[in-house]
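A.B. asks: My file is start_5.txt. It has compact mmCIF, C-alpha atoms:
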```
# COMPACT_ATOMS: atom_id res chain seq x y z
CA CYS Y 1 111.70 49.99 122.10
CA ASP Y 2 112.57 51.05 125.62
CA VAL Y 3 115.48 49.43 127.48
CA VAL Y 4 115.21 49.92 131.25
CA GLY Y 5 117.99 48.85 133.60
CA TYR Y 6 118.07 51.54 136.28
CA LYS Y 7 116.50 54.78 137.43
CA LYS Y 8 118.01 58.00 138.79
CA ASP Y 9 117.11 59.83 141.96
CA GLN Y 10 116.80 63.62 142.28
CA GLU Y 11 120.56 63.98 142.76
CA GLY Y 12 121.26 61.99 139.60
CA HIS Y 13 122.48 58.86 141.37
CA VAL Y 14 121.88 55.59 139.56
CA ILE Y 15 119.53 53.17 141.33
CA PRO Y 16 119.69 49.60 139.96
CA THR Y 17 116.34 48.04 139.04
CA PRO Y 18 115.24 44.72 137.50
CA GLY Y 19 115.57 45.00 133.74
CA LYS Y 20 112.67 45.63 131.38
CA LEU Y 21 112.51 45.47 127.59
CA ILE Y 22 109.46 47.17 126.12
CA TYR Y 23 108.52 46.96 122.43
CA ARG Y 24 106.27 49.87 121.39
CA GLY Y 25 104.83 50.13 124.90
CA VAL Y 26 104.39 46.36 125.37
CA ASN Y 27 106.61 44.57 127.89
CA ILE Y 28 108.15 41.49 126.24
CA ASN Y 29 107.24 39.44 129.32
CA GLU Y 30 103.59 40.00 128.45
CA ILE Y 31 104.21 38.80 124.90
CA VAL Y 32 106.05 35.69 126.10
CA ASP Y 33 103.38 34.85 128.69
CA GLU Y 34 100.68 35.22 126.05
CA ALA Y 35 102.60 32.99 123.65
CA TYR Y 36 102.99 30.17 126.17
CA ARG Y 37 99.51 30.56 127.59
CA ASN Y 38 97.96 30.13 124.13
CA ASP Y 39 100.69 27.90 122.68
CA ARG Y 40 101.47 29.97 119.61
CA PHE Y 41 104.41 31.50 117.75
CA VAL Y 42 104.74 35.25 118.25
CA PHE Y 43 107.80 36.49 116.34
CA GLU Y 44 105.57 37.50 113.42
CA GLU Y 45 103.38 39.52 115.81
CA VAL Y 46 106.50 41.26 117.12
CA ILE Y 47 107.57 42.11 113.56
CA TRP Y 48 104.19 43.76 113.00
CA LEU Y 49 104.38 45.52 116.38
CA LEU Y 50 107.80 47.02 115.63
CA LEU Y 51 106.93 48.11 112.09
CA PHE Y 52 103.41 49.42 112.66
CA GLY Y 53 103.27 50.38 116.33
CA SER Y 54 100.60 48.06 117.72
CA LEU Y 55 99.87 44.36 117.96
CA PRO Y 56 97.96 42.99 114.95
CA THR Y 57 94.39 41.80 114.86
CA GLN Y 58 93.93 38.13 113.99
CA GLU Y 59 92.94 39.09 110.43
CA GLN Y 60 96.00 41.33 110.03
CA LEU Y 61 98.26 38.63 111.45
CA ASP Y 62 96.91 35.94 109.12
CA GLU Y 63 97.40 38.14 106.06
CA PHE Y 64 100.84 39.22 107.24
CA CYS Y 65 102.02 35.63 107.78
CA GLU Y 66 100.84 34.75 104.26
CA LEU Y 67 102.75 37.73 102.91
CA LEU Y 68 105.95 36.69 104.69
CA ALA Y 69 105.56 33.13 103.38
CA GLU Y 70 105.17 34.42 99.81
CA HIS Y 71 108.46 36.33 100.04
CA ARG Y 72 110.65 33.63 101.62
CA ALA Y 73 111.79 32.24 98.28
CA LEU Y 74 114.62 34.14 96.60
CA PRO Y 75 114.27 35.49 93.03
CA ASP Y 76 114.74 32.99 90.19
CA GLY Y 77 118.43 32.55 89.42
CA PHE Y 78 119.47 34.60 92.46
CA MET Y 79 121.72 31.98 94.06
CA ASP Y 80 123.29 31.19 90.67
CA THR Y 81 124.58 34.75 90.53
CA MET Y 82 125.59 34.65 94.22
CA ASN Y 83 127.31 31.27 94.12
CA ALA Y 84 130.69 32.34 95.55
CA PRO Y 85 130.88 30.65 98.99
CA SER Y 86 132.09 32.43 102.12
CA PRO Y 87 133.70 30.92 105.24
CA ASN Y 88 131.68 33.41 107.29
CA ILE Y 89 127.91 33.37 106.76
CA MET Y 90 127.53 37.00 107.86
CA ASN Y 91 129.64 38.20 104.95
CA LYS Y 92 127.62 36.07 102.55
CA MET Y 93 124.36 37.47 103.91
CA GLN Y 94 125.66 41.00 103.39
CA ARG Y 95 126.41 40.16 99.77
CA CYS Y 96 122.98 38.58 99.28
CA VAL Y 97 121.20 41.62 100.74
CA LEU Y 98 123.16 43.93 98.46
CA GLY Y 99 122.43 41.57 95.57
CA LEU Y 100 118.68 42.04 96.00
CA TYR Y 101 119.16 45.67 95.02
CA SER Y 102 119.60 44.55 91.41
CA TYR Y 103 116.21 42.79 91.48
CA ASP Y 104 114.30 45.81 92.79
CA GLU Y 105 112.97 48.28 90.22
CA HIS Y 106 112.33 50.77 93.02
CA ALA Y 107 115.54 50.26 94.98
CA GLU Y 108 116.17 54.00 95.46
CA ASP Y 109 112.57 54.95 96.30
CA LEU Y 110 112.48 56.36 99.86
CA THR Y 111 108.71 56.63 100.24
CA LEU Y 112 107.22 55.01 103.33
CA GLU Y 113 105.23 52.45 101.35
CA ASN Y 114 108.27 51.33 99.36
CA ILE Y 115 110.56 51.12 102.39
CA LEU Y 116 107.99 48.95 104.17
CA ASN Y 117 107.72 46.69 101.10
CA GLN Y 118 111.51 46.33 100.98
CA SER Y 119 111.65 45.71 104.74
CA ILE Y 120 109.04 42.94 104.65
CA ASN Y 121 110.81 41.30 101.70
CA LEU Y 122 114.14 41.31 103.55
CA ILE Y 123 112.62 40.06 106.81
CA ALA Y 124 111.00 37.18 104.92
CA SER Y 125 113.94 36.20 102.71
CA MET Y 126 116.92 36.52 105.07
CA PRO Y 127 116.37 33.08 106.69
CA THR Y 128 116.51 31.53 103.21
CA MET Y 129 119.70 33.47 102.44
CA MET Y 130 121.26 32.22 105.67
CA VAL Y 131 120.46 28.55 105.13
CA ASN Y 132 121.59 28.63 101.49
CA ALA Y 133 124.84 30.39 102.44
CA TYR Y 134 125.43 27.79 105.15
CA GLN Y 135 124.92 24.91 102.70
CA MET Y 136 127.42 26.44 100.28
CA LYS Y 137 129.91 26.89 103.10
CA ARG Y 138 129.45 23.22 104.08
CA ARG Y 139 130.13 22.08 100.53
CA TYR Y 140 133.16 24.22 99.70
CA TYR Y 141 134.88 24.64 103.06
CA ASP Y 142 133.75 21.65 105.15
CA LYS Y 143 133.71 19.17 102.23
CA GLN Y 144 130.23 17.93 103.17
CA SER Y 145 127.14 17.37 101.09
CA MET Y 146 124.78 20.29 100.75
CA PHE Y 147 121.01 20.13 100.51
CA PHE Y 148 118.32 22.68 99.75
CA HIS Y 149 114.69 22.51 100.86
CA MET Y 150 111.93 24.72 99.49
CA PRO Y 151 109.94 26.85 101.96
CA LYS Y 152 106.68 25.27 103.13
CA PRO Y 153 103.51 27.38 103.30
CA GLY Y 154 101.90 27.91 106.68
CA GLN Y 155 105.09 27.77 108.73
CA SER Y 156 106.25 30.35 111.25
CA THR Y 157 109.70 31.88 110.79
CA ALA Y 158 111.15 29.56 113.43
CA GLU Y 159 109.58 26.49 111.80
CA HIS Y 160 110.81 27.62 108.38
CA ILE Y 161 114.39 27.93 109.66
CA LEU Y 162 114.43 24.48 111.26
CA SER Y 163 112.66 22.88 108.31
CA THR Y 164 115.11 24.22 105.70
CA TYR Y 165 118.19 23.86 107.93
CA ARG Y 166 117.77 20.21 108.95
CA PRO Y 167 118.43 17.46 106.38
CA ASP Y 168 115.28 15.52 107.32
CA GLN Y 169 113.20 18.70 107.90
CA LYS Y 170 111.98 17.23 111.19
CA PHE Y 171 111.66 19.17 114.45
CA THR Y 172 109.47 19.18 117.54
CA HIS Y 173 106.95 21.84 118.47
CA GLU Y 174 108.95 22.66 121.61
CA GLU Y 175 112.13 23.17 119.58
CA ALA Y 176 110.40 25.57 117.20
CA ARG Y 177 108.78 27.44 120.09
CA LEU Y 178 112.16 27.92 121.78
CA LEU Y 179 113.72 29.24 118.56
CA ASP Y 180 110.72 31.55 118.13
CA LEU Y 181 111.44 32.85 121.63
CA CYS Y 182 115.08 33.54 120.75
CA LEU Y 183 113.96 35.53 117.70
CA LEU Y 184 111.46 37.47 119.82
CA VAL Y 185 113.91 38.61 122.52
CA HIS Y 186 116.52 39.71 119.94
CA ALA Y 187 114.13 41.66 117.68
CA ASP Y 188 115.14 45.12 118.91
CA HIS Y 189 117.19 46.78 121.63
CA GLY Y 190 117.02 50.51 121.10
CA GLY Y 191 118.73 52.81 118.63
CA GLY Y 192 122.11 53.15 120.30
CA ASN Y 193 123.51 49.64 119.89
CA CYS Y 194 126.19 49.24 117.24
CA SER Y 195 124.19 47.56 114.47
CA THR Y 196 120.99 49.62 114.84
CA PHE Y 197 122.94 52.86 114.99
CA THR Y 198 124.76 51.77 111.83
CA ALA Y 199 121.43 51.21 110.06
CA ARG Y 200 120.30 54.68 111.13
CA VAL Y 201 123.53 56.30 109.93
CA LEU Y 202 123.10 54.75 106.49
CA SER Y 203 119.40 55.55 106.24
CA SER Y 204 120.17 58.36 103.82
CA SER Y 205 121.26 55.59 101.43
CA ASP Y 206 119.01 52.79 100.11
CA THR Y 207 117.42 50.05 102.22
CA TYR Y 208 119.79 47.32 101.02
CA SER Y 209 122.94 49.31 101.82
CA ALA Y 210 121.64 50.20 105.29
CA ILE Y 211 120.70 46.62 106.23
CA ALA Y 212 123.91 45.14 104.77
CA ALA Y 213 125.91 47.63 106.85
CA ALA Y 214 123.96 46.67 109.98
CA ILE Y 215 124.79 43.00 109.35
CA GLY Y 216 128.48 43.93 109.16
CA ALA Y 217 128.23 45.88 112.40
CA LEU Y 218 126.68 42.89 114.16
CA LYS Y 219 129.47 40.56 113.11
CA GLY Y 220 132.24 39.78 115.60
CA PRO Y 221 132.67 38.54 119.18
CA LYS Y 222 131.95 41.93 120.82
CA HIS Y 223 128.47 42.20 119.34
CA GLY Y 224 126.38 39.44 117.78
CA GLY Y 225 129.01 36.73 118.22
CA ALA Y 226 129.22 36.92 122.00
CA ASN Y 227 127.09 33.81 122.56
CA LEU Y 228 129.62 31.82 120.55
CA MET Y 229 132.30 32.93 123.03
CA VAL Y 230 130.03 31.87 125.91
CA ASN Y 231 129.73 28.39 124.41
CA ARG Y 232 133.49 28.02 124.01
CA GLN Y 233 134.06 29.31 127.54
CA LEU Y 234 131.49 26.84 128.89
CA GLN Y 235 133.30 23.91 127.30
CA ASP Y 236 136.60 25.16 128.72
CA ILE Y 237 135.17 25.41 132.24
CA LEU Y 238 133.61 21.94 132.09
CA LYS Y 239 136.93 20.58 130.85
CA HIS Y 240 138.99 22.05 133.70
CA VAL Y 241 136.57 22.00 136.63
CA GLU Y 242 136.64 18.46 137.96
CA HIS Y 243 133.55 18.81 140.18
CA PRO Y 244 131.05 21.15 138.46
CA GLU Y 245 128.68 20.95 141.42
CA ASP Y 246 131.38 22.32 143.77
CA ASP Y 247 130.83 26.09 144.06
CA ASP Y 248 134.29 26.67 145.54
CA GLU Y 249 136.00 24.96 142.59
CA VAL Y 250 133.88 26.83 140.03
CA ARG Y 251 134.43 30.10 141.86
CA GLU Y 252 138.20 29.63 141.82
CA TYR Y 253 138.27 28.90 138.09
CA LEU Y 254 136.14 31.97 137.33
CA ARG Y 255 138.56 33.99 139.44
CA ARG Y 256 141.44 32.66 137.33
CA ILE Y 257 139.57 33.66 134.16
CA LEU Y 258 139.21 37.22 135.43
CA ARG Y 259 142.93 37.28 136.27
CA LYS Y 260 143.73 36.13 132.70
CA GLN Y 261 145.21 32.92 134.07
CA ALA Y 262 142.60 30.69 132.42
CA GLY Y 263 140.14 30.67 129.55
CA ASP Y 264 141.17 32.56 126.41
CA GLY Y 265 143.33 35.05 128.31
CA SER Y 266 140.97 37.97 127.72
CA GLY Y 267 140.05 38.38 131.39
CA LEU Y 268 136.37 38.30 130.42
CA ILE Y 269 133.62 36.09 131.75
CA TYR Y 270 131.46 35.96 128.65
CA GLY Y 271 127.72 36.29 129.17
CA MET Y 272 128.13 38.51 132.24
CA GLY Y 273 127.63 42.26 132.34
CA HIS Y 274 125.62 44.75 130.32
CA ALA Y 275 125.86 48.46 129.49
CA VAL Y 276 122.29 49.22 130.64
CA TYR Y 277 120.92 46.32 132.69
CA THR Y 278 122.09 46.18 136.30
CA ILE Y 279 120.11 43.67 138.37
CA SER Y 280 118.84 41.51 135.50
CA ASP Y 281 118.56 41.27 131.72
CA PRO Y 282 114.90 40.35 131.02
CA ARG Y 283 115.90 38.46 127.86
CA GLU Y 284 118.28 36.22 129.83
CA VAL Y 285 115.64 35.60 132.48
CA ILE Y 286 113.16 34.47 129.81
CA LEU Y 287 115.59 32.20 127.97
CA LYS Y 288 116.88 30.63 131.18
CA GLN Y 289 113.36 29.83 132.37
CA ARG Y 290 112.10 28.44 129.04
CA ALA Y 291 115.25 26.46 128.14
CA ARG Y 292 115.42 24.35 131.29
CA HIS Y 293 112.98 21.62 130.26
CA LEU Y 294 114.61 21.02 126.88
CA ALA Y 295 118.09 21.06 128.44
CA TYR Y 296 117.17 18.27 130.84
CA GLU Y 297 115.28 16.38 128.13
CA LYS Y 298 118.15 16.48 125.62
CA GLY Y 299 120.97 15.65 128.04
CA PHE Y 300 122.37 19.18 128.49
CA GLU Y 301 121.75 19.19 132.23
CA GLU Y 302 125.43 19.68 133.12
CA GLU Y 303 125.84 22.61 130.71
CA TYR Y 304 122.64 24.28 131.88
CA ASN Y 305 123.53 23.93 135.56
CA MET Y 306 127.02 25.32 134.97
CA LEU Y 307 125.59 28.43 133.30
CA CYS Y 308 123.31 28.85 136.29
CA SER Y 309 126.36 28.58 138.57
CA ILE Y 310 128.24 31.19 136.54
CA GLU Y 311 125.28 33.55 136.77
CA ARG Y 312 125.05 33.03 140.54
CA LEU Y 313 128.77 33.17 141.43
CA ALA Y 314 130.28 35.65 138.96
CA PRO Y 315 128.83 38.92 140.41
CA ASP Y 316 130.56 38.45 143.79
CA ILE Y 317 133.82 37.48 142.08
CA PHE Y 318 133.66 40.64 139.95
CA ALA Y 319 133.13 42.73 143.09
CA GLU Y 320 136.05 41.08 144.88
CA GLU Y 321 138.49 41.18 141.96
CA LYS Y 322 137.59 44.60 140.58
CA GLY Y 323 136.91 46.29 143.91
CA SER Y 324 133.68 47.70 142.53
CA SER Y 325 130.19 47.91 144.01
CA LYS Y 326 128.60 48.24 140.55
CA PRO Y 327 126.09 45.40 140.07
CA VAL Y 328 126.86 42.87 137.34
CA CYS Y 329 124.16 40.63 135.90
CA ALA Y 330 124.01 37.90 133.26
CA ASN Y 331 123.09 39.02 129.76
CA VAL Y 332 121.11 37.40 126.93
CA ASP Y 333 124.20 35.68 125.48
CA LEU Y 334 124.64 33.43 128.52
CA PHE Y 335 121.86 31.03 127.50
CA SER Y 336 121.19 31.76 123.81
CA GLY Y 337 124.25 29.83 122.62
CA LEU Y 338 123.27 26.80 124.70
CA ILE Y 339 119.79 26.90 123.18
CA TYR Y 340 121.19 26.90 119.65
CA ASN Y 341 123.48 24.03 120.64
CA MET Y 342 120.52 22.06 122.01
CA LEU Y 343 118.69 22.64 118.73
CA GLY Y 344 121.62 21.12 116.84
CA ILE Y 345 122.42 24.41 115.15
CA SER Y 346 125.95 24.95 113.87
CA GLU Y 347 128.06 27.72 115.41
CA ASP Y 348 128.35 29.08 111.86
CA ILE Y 349 124.84 30.51 112.07
CA TYR Y 350 124.63 31.69 115.68
CA THR Y 351 125.26 35.31 114.68
CA PRO Y 352 123.25 35.10 111.42
CA LEU Y 353 120.25 34.02 113.53
CA PHE Y 354 120.77 37.15 115.61
CA ALA Y 355 120.72 39.19 112.39
CA ILE Y 356 117.49 37.52 111.24
CA ALA Y 357 115.89 38.34 114.59
CA ARG Y 358 117.13 41.94 114.61
CA VAL Y 359 116.28 42.95 111.02
CA PRO Y 360 112.69 43.95 111.99
CA GLY Y 361 114.16 46.35 114.56
CA TRP Y 362 116.68 47.71 112.06
CA CYS Y 363 113.91 48.32 109.53
CA ALA Y 364 111.63 49.98 112.09
CA HIS Y 365 114.41 52.32 113.21
CA ARG Y 366 115.23 53.12 109.58
CA VAL Y 367 111.61 54.01 108.85
CA GLU Y 368 111.67 56.39 111.81
CA GLU Y 369 114.98 57.91 110.68
CA VAL Y 370 113.94 58.45 107.05
CA ILE Y 371 110.38 59.63 107.63
CA PHE Y 372 110.70 61.66 110.83
CA ALA Y 373 114.35 62.72 111.09
CA ASN Y 374 115.73 62.82 107.55
CA ARG Y 375 119.10 64.21 108.50
CA ILE Y 376 122.72 63.20 108.11
CA ILE Y 377 124.17 61.67 111.27
CA ARG Y 378 127.70 62.85 111.91
CA PRO Y 379 128.97 62.06 115.42
CA ALA Y 380 131.77 64.22 116.77
CA TYR Y 381 135.05 62.46 117.53
CA LYS Y 382 137.74 63.81 119.81
CA TYR Y 383 141.16 62.19 119.53
CA PRO Y 384 143.14 61.67 122.77
CA VAL Y 385 145.84 64.33 123.13
CA SER Y 386 148.59 61.74 123.61
CA TYR Y 387 147.56 59.95 120.40
CA THR Y 388 147.54 63.23 118.46
CA HIS Y 389 151.03 64.12 119.70
CA LEU Y 390 152.25 60.63 118.85
CA ARG Y 391 151.00 60.88 115.27
CA ALA Y 392 152.55 64.33 114.86
CA HIS Y 393 155.87 63.03 116.18
CA GLU Y 394 155.79 60.09 113.74
CA THR Y 395 155.07 62.44 110.85
CA LEU Y 396 157.97 64.73 111.73
CA SER Y 397 160.28 61.76 112.17
```
Please, can you express the file's structure as structure tokens?

C.D. replies:
Amino acid sequence: CDVVGYKKDQEGHVIPTPGKLIYRGVNINEIVDEAYRNDRFVFEEVIWLLLFGSLPTQEQLDEFCELLAEHRALPDGFMDTMNAPSPNIMNKMQRCVLGLYSYDEHAEDLTLENILNQSINLIASMPTMMVNAYQMKRRYYDKQSMFFHMPKPGQSTAEHILSTYRPDQKFTHEEARLLDLCLLVHADHGGGNCSTFTARVLSSSDTYSAIAAAIGALKGPKHGGANLMVNRQLQDILKHVEHPEDDDEVREYLRRILRKQAGDGSGLIYGMGHAVYTISDPREVILKQRARHLAYEKGFEEEYNMLCSIERLAPDIFAEEKGSSKPVCANVDLFSGLIYNMLGISEDIYTPLFAIARVPGWCAHRVEEVIFANRIIRPAYKYPVSYTHLRAHETLS
């Protein structure tokens, strides 16, 4: 994909521009508009687009959706051999992905056809891995009952997740559409982000090792877990700001967060800022627009409005506190956590959902790396001089 956040003039100066995210030449805004105009789920179309380079025909899409549905169930006896629970679902998903290696007679085959087969199998089965791992975590760590639902034919990925995750398997069309949208906007974000680069680095290994490593790279608050930090920060702000509609009061509390006088002491306003996007993150713009109706319908009006206030007020506070003219915009994490919260999804699977959305991108990048590059990636690393001297001094001491 192509991630566009700025352009450069002839002198090399950066000129901020509204953000664009383009999958294989197709702007994601076009995909989202098409989805809502025709009231359909589109994550499966995006999977096809990333893997094969163009949007599918209706016949290709129908066959592809059937193929994904056929591969959602895990191998017989798989969960019996993977029954050790984990307090963190990401670690459990890594183990499950690696476990599939033992069920693949062609695990080491690096031909294009085999890699695509493995990729489709992982894309289809990872939601089932996630839900099963979550149920085991509930039982062993949360001391709650666990329940398992079989995949239903004919469901989209978003519908499958909600159907197997919820005890009563009930969900609305709007809820599933919003989750489908979250999967769509997270499907890929270039080859330089931490998890995708990790998948590329391990592409000389087998598919299962590469994808398990990418899952590990996505774990943590600085990468896939950032929306969890946004949610916690939102609750903290609503707890301490007496009048959420008062811009001056909100502005002052955000200023205290930046000064490490409030919040978690990190000095970070989570959900703000991005390495590439300057004026806007197109993913955040889409989620903000599409989440509003459900937020008001489900009683999350206060939370939604506060996130809008943070987005509106934080850039000026950054400029004042940091003394910088560099533009700061909201990123995709600002609203994705609220959406998961509105859908009744546990914080335990916020980041695993990100992994499920991103695995098509990981697989597409890996195909490119194996088939067209086929080289070992070895980045250079230069240690700071002061650190080198310090280590030498410690050794001599």

A.B. asks: For Cys329 of chain Y, please output as a PyMOL selection string all residues within 10 Å (counting only C-alpha atoms; exclusion window: fewer than 5 positions along the same chain).

C.D. replies: chain Y and resi 18-19+271-274+277-281+284+311-312+314-315

A.B. asks: Which residue gives the smallest distance to Leu254 of chain Y among Y:Leu294, Y:Leu67, Y:Asn83, Y:Glu320, with all atoms listed in the file counted?

C.D. replies: Y:Glu320

A.B. asks: Neighbours of Phe148 of chain Y within 12 Å (all atoms listed in the file; same-chain residues fewer than 6 positions away dropped), as a PyMOL selection string?

C.D. replies: chain Y and resi 73+79+128-136+138-139+161+163-169

A.B. asks: Between Y:Leu202, Y:Met306, Y:Ile371, Y:Ile28, which one has atoms that come closest to Val241 of chain Y, using all atoms listed in the file?

C.D. replies: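 Closest to Val241 of chain Y, using all atoms listed in the file: Y:Met306.
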
A.B. asks: Have a look at Y:Leu353, Y:Leu116, Y:Met229, Y:Leu258 and name the one nearest to Val367 of chain Y; count only C-alpha atoms.

C.D. replies: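 Ranking Y:Leu353, Y:Leu116, Y:Met229, Y:Leu258 by distance to Val367 of chain Y, first place goes to Y:Leu116.
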
A.B. asks: List as an MDAnalysis selection string the protein and nucleic acid residues near Glu303 of chain Y, meaning an atom at most 12 Å away when only C-alpha atoms are counted, but skip any in the same chain fewer than 4 places from it.

C.D. replies: chainID Y and resid 230:239 244:245 291:292 294:296 298:299 307:310 334:335 337:339 341:342

A.B. asks: Find the residue from Y:Arg24, Y:Leu287, Y:Ser325, Y:Leu50 that sits nearest to Val185 of chain Y; use only C-alpha atoms when measuring.

C.D. replies: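 Between Y:Arg24, Y:Leu287, Y:Ser325, Y:Leu50, the residue approaching Val185 of chain Y most closely is Y:Leu287.
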
A.B. asks: So, with only C-alpha atoms as the atoms that count, which of Y:Ile89, Y:Val250, Y:Ile345, Y:Ala373 lies closest to Met126 of chain Y?

C.D. replies: Y:Ile89

A.B. asks: Report the distance between atom CA of Leu98 of chain Y and atom CA of Ala357 of chain Y in Å, rounded to one decimal place.

C.D. replies: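 Interatomic distance here is 18.6 Å.
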
A.B. asks: From the list Y:Trp362, Y:Tyr208, Y:Trp48, Y:Phe300, which residue is nearest Tyr101 of chain Y when using only C-alpha atoms?

C.D. replies: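 Going through Y:Trp362, Y:Tyr208, Y:Trp48, Y:Phe300 one by one, the smallest distance to Tyr101 of chain Y is for Y:Tyr208.
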
A.B. asks: Do a neighbour search on Arg366 of chain Y at 12 Å with all atoms listed in the file, toss out local chain neighbours closer than 2 positions, and write the hits as a ChimeraX atom specification.

C.D. replies: /Y:50-51,110-112,115-116,118-119,190-191,195-211,214,359-364,368-375

A.B. asks: Show me, as a ChimeraX atom specification, the residues that have an atom within 7 Å of segment 219-226 of chain Y when counting all atoms listed in the file, minus same-chain residues fewer than 4 positions from it.

C.D. replies: /Y:90,215,230,333,351,354

A.B. asks: Show me, as AutoDock Vina command-line options, the centre and edge lengths in Å to one decimal of the axis-aligned box that covers every listed atom of segment 222-225 of chain Y with 8 Å on each side.

C.D. replies:
```
--center_x 129.2 --center_y 39.5 --center_z 119.3 --size_x 21.6 --size_y 21.5 --size_z 19.0
```

A.B. asks: What gap, in Å, lies between atom CA of Val26 of chain Y and atom CA of Pro56 of chain Y?

C.D. replies: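 Separation of atom CA of Val26 of chain Y and atom CA of Pro56 of chain Y: 12.7 Å.
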
A.B. asks: Go ahead and compute the interatomic distance for atom CA of Asp76 of chain Y and atom CA of Pro151 of chain Y, in Å to one decimal.

C.D. replies: 14.1 Å
